[in-house]
Structures are given as structure tokens and as C-alpha cells.
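One structure below.
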Amino acid sequence: MYPSEETVIMSVIPNETLSIEITIDELDFLDVHVGQEAIVTIDAVPGKSYEGTVTSVNSAASVNTGGQTKFSATVTIEKKDNLLAGMNASTMIIVGSKENVLAIPIKALSEEDGKTYVYTGYDEKKGELLNRTEVTTGASDGEYAEIVSGLSENDTVKYEYYDTIDIDTMSAGSGAGLFDSFGLSGGPGGGRPSGGPSGGRP
């Protein structure tokens, strides 16, 4: 009888991650790098977001039917909450962040002739916004924009909600963190996650 030893002939690696292929406009491509943070939302899991990482960037360009040059990248997230390969996803890549900035909602901004303005007054009798003030903006997270110049902390900003025709008042405030980011998708509904440690479909 020969002595026997336990030999591993095959190992099974569980699908612990999901990879999302995203399309990037040429104007944003140079801002995307491997290792950057990303925020991913899944249509099938409303109200939740998942932290991801850019794991690869493809510098080979393609041109879509509209003549626009596009690039691609891969964002990888941890597989949880019964996420499945093929689910629709939307991805936002964080290209920078700032702390303690003066920021106001993007809805409060208006643009004309390449300049950006806000309104600091409102005439209730005439229903008109007043005191148009030119501002310089900086980083934006898609909801709020940094105000570099033109406003001071606690200045009041007036703006309209066009969907409800309501007037809102917002005091410019500092102390919050602000991500500079942009949204990405891989077509209608966003990119589709694929499973497996290497990012391929199982």
C-alpha cells in the first residue's frame, strides 16, 4: 500500500464581484483613471447605492451612429443584496472631492452668454426674480455646485422650481463636502453588471 496525500485538483472561486462596462464621452475620458471611486445604482434595487472602483480603462475609441467619439471603462463592485449579472446599472465616477466649500443647488444657477448667474431677490407682486449676480462655479456633484466667487456665506439665493412654479430660498453655506463627478452609462438603462472575479459573465 502506498501512502496517499490529499491533492487539490480543482478550486472553485465564488463570484464575489460584479463588473460594469461603461461608456465615457471623449470630453471626460482623460479624467478617468484606474483606482478612482465610483457610485453605482441598480434599477432593480431602488433607494440603494454601491461603492465601486474603476478597475480598467480602455483607450481604444469607438464612434457611435451620431458621430461622437466614445471610450469605455470597467467599474467593479462587491456582489451583495442578490445582485445578478445583467441587471441595469447607472454609474457615477468621482474625479475629485473638496471639503468646506461654499455651495448652492445647481437649480439656482442660470447661464447666459457663457456666464453664470444667481438671483438674490424676488418681487412677490410682479412674480419676478431680482438682483441677478454673476458667480464663478467650481466643483459639482450633480446636485450642488461650488461657488468660487460672487457670493458669501449666508447670502440668500432665490430660484424657481419650474415643475411646481414655487419660489425657493437658499442660503449659501459652507462646511459640507462636495464631490466633483459625472454620470456614466453604457446605453439605455445604464451599463449591465457582469459576474466573476475577472469581470466576465459567468
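Labeling convention for the C-alpha cells: chains A, B, ... as they appear, residues from 1 per chain, ligands from 1 in order of appearance.
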
For stretch 56-93 of chain A versus stretch 12-35 of chain A, which residues have an atom no more than 9 Å away, and what is each residue's nearest atom pair and distance in Å rounded to one decimal, using only C-alpha atoms, chain-then-number order, as a tab-separated table?
residue	atom	partner	partner_atom	distance
A:Ser56	CA	A:Val34	CA	5.6
A:Val57	CA	A:Val34	CA	6.6
A:Ser59	CA	A:Phe29	CA	8.6
A:Ala61	CA	A:Glu26	CA	8.5
A:Gln68	CA	A:Asp25	CA	7.9
A:Thr69	CA	A:Glu26	CA	5.8
A:Lys70	CA	A:Asp25	CA	4.9
A:Phe71	CA	A:Ile24	CA	5.0
A:Ser72	CA	A:Thr23	CA	4.5
A:Ala73	CA	A:Ile22	CA	5.4
A:Thr74	CA	A:Glu21	CA	4.7
A:Val75	CA	A:Ile20	CA	5.1
A:Thr76	CA	A:Ser19	CA	4.3
A:Ile77	CA	A:Leu18	CA	5.4
A:Glu78	CA	A:Thr17	CA	4.5
A:Lys79	CA	A:Thr17	CA	4.7
A:Lys80	CA	A:Glu16	CA	8.3
A:Leu83	CA	A:Leu18	CA	8.3
A:Leu84	CA	A:Leu18	CA	8.1
A:Ala85	CA	A:Leu18	CA	7.0
A:Ala89	CA	A:Ile20	CA	7.7
A:Ser90	CA	A:Ile22	CA	8.7
A:Thr91	CA	A:Ile22	CA	7.7
A:Ile93	CA	A:Val32	CA	7.8

Output C-alpha atoms of each residue in that selection to a file, as a PDB file, in the first residue's frame.
ATOM      1  CA  SER A  56      -9.745  49.125 -16.110  1.00  0.00           C
ATOM      2  CA  VAL A  57      -9.805  51.854 -18.745  1.00  0.00           C
ATOM      3  CA  SER A  59      -8.138  53.745 -24.582  1.00  0.00           C
ATOM      4  CA  ALA A  61     -12.028  54.732 -29.134  1.00  0.00           C
ATOM      5  CA  GLN A  68     -19.494  61.006 -31.279  1.00  0.00           C
ATOM      6  CA  THR A  69     -16.218  59.507 -30.060  1.00  0.00           C
ATOM      7  CA  LYS A  70     -16.609  57.240 -27.039  1.00  0.00           C
ATOM      8  CA  PHE A  71     -14.294  55.265 -24.786  1.00  0.00           C
ATOM      9  CA  SER A  72     -15.013  52.529 -22.248  1.00  0.00           C
ATOM     10  CA  ALA A  73     -14.009  51.525 -18.739  1.00  0.00           C
ATOM     11  CA  THR A  74     -14.877  48.870 -16.169  1.00  0.00           C
ATOM     12  CA  VAL A  75     -16.205  49.550 -12.675  1.00  0.00           C
ATOM     13  CA  THR A  76     -16.185  46.687 -10.159  1.00  0.00           C
ATOM     14  CA  ILE A  77     -18.475  46.416  -7.133  1.00  0.00           C
ATOM     15  CA  GLU A  78     -18.919  43.840  -4.385  1.00  0.00           C
ATOM     16  CA  LYS A  79     -21.706  41.366  -5.096  1.00  0.00           C
ATOM     17  CA  LYS A  80     -24.411  41.734  -2.427  1.00  0.00           C
ATOM     18  CA  LEU A  83     -27.360  41.379  -7.354  1.00  0.00           C
ATOM     19  CA  LEU A  84     -27.231  39.464 -10.610  1.00  0.00           C
ATOM     20  CA  ALA A  85     -25.235  39.795 -13.808  1.00  0.00           C
ATOM     21  CA  ALA A  89     -26.964  49.924 -13.587  1.00  0.00           C
ATOM     22  CA  SER A  90     -26.013  53.607 -13.584  1.00  0.00           C
ATOM     23  CA  THR A  91     -22.538  54.697 -12.551  1.00  0.00           C
ATOM     24  CA  ILE A  93     -17.282  58.244 -11.169  1.00  0.00           C
TER      25      ILE A  93
END

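Counting only C-alpha atoms and comparing A:Ala44, A:Ser97, A:Val157, A:Met87, the residue that lies closest to A:Leu109 is A:Val157.
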
Item checked: Pairwise distance for atom CA of A:Glu146 and atom CA of A:Leu130, rounded to one decimal in Å ->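 Calculated distance between atom CA of A:Glu146 and atom CA of A:Leu130 is 21.6 Å.
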
Please identify all polymer residues within 7 Å of A:Arg132, counting only C-alpha atoms, omitting same-chain residues fewer than 2 positions from it, and present them as a CSV table (one decimal) with N, CA and C atoms, in the first residue's frame.
chain,number,residue,atom,x,y,z
A,117,TYR,N,-25.1,83.0,-13.5
A,117,TYR,CA,-25.7,84.0,-12.6
A,117,TYR,C,-26.6,83.3,-11.6
A,118,VAL,N,-26.9,84.0,-10.5
A,118,VAL,CA,-27.9,83.6,-9.5
A,118,VAL,C,-28.7,84.9,-9.2
A,119,TYR,N,-29.9,84.7,-8.6
A,119,TYR,CA,-30.7,85.8,-8.2
A,119,TYR,C,-30.8,85.8,-6.6
A,120,THR,N,-30.7,87.0,-6.1
A,120,THR,CA,-30.7,87.1,-4.6
A,120,THR,C,-32.0,87.8,-4.1
A,130,LEU,N,-35.1,88.9,-8.8
A,130,LEU,CA,-34.4,90.2,-8.8
A,130,LEU,C,-32.9,90.0,-8.5
A,134,GLU,N,-23.6,87.8,-10.9
A,134,GLU,CA,-22.7,86.8,-11.6
A,134,GLU,C,-21.8,86.1,-10.6

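Atom CA of A:Val101 sits 26.0 Å away from atom CA of A:Asp113.
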
Check: What does the distance between atom CA of A:Gly142 and atom CA of A:Glu128 come to in Å, to one decimal place?
Finding: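 Atom CA of A:Glu128 lies at a distance of 26.4 Å from atom CA of A:Gly142.
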
Next item on the list: Rank nothing, just name the residue among A:Pro105, A:Asn82, A:Met92, A:Thr116 nearest to A:Ser49, using only C-alpha atoms.
Entry: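 For A:Ser49, the nearest of the given residues is A:Met92.
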
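Residues lying within 8 Å of A:Gly138, counting only C-alpha atoms and ignoring same-chain neighbours fewer than 4 positions away, are Ala145, Glu146, Ile147 and Val148 of chain A.
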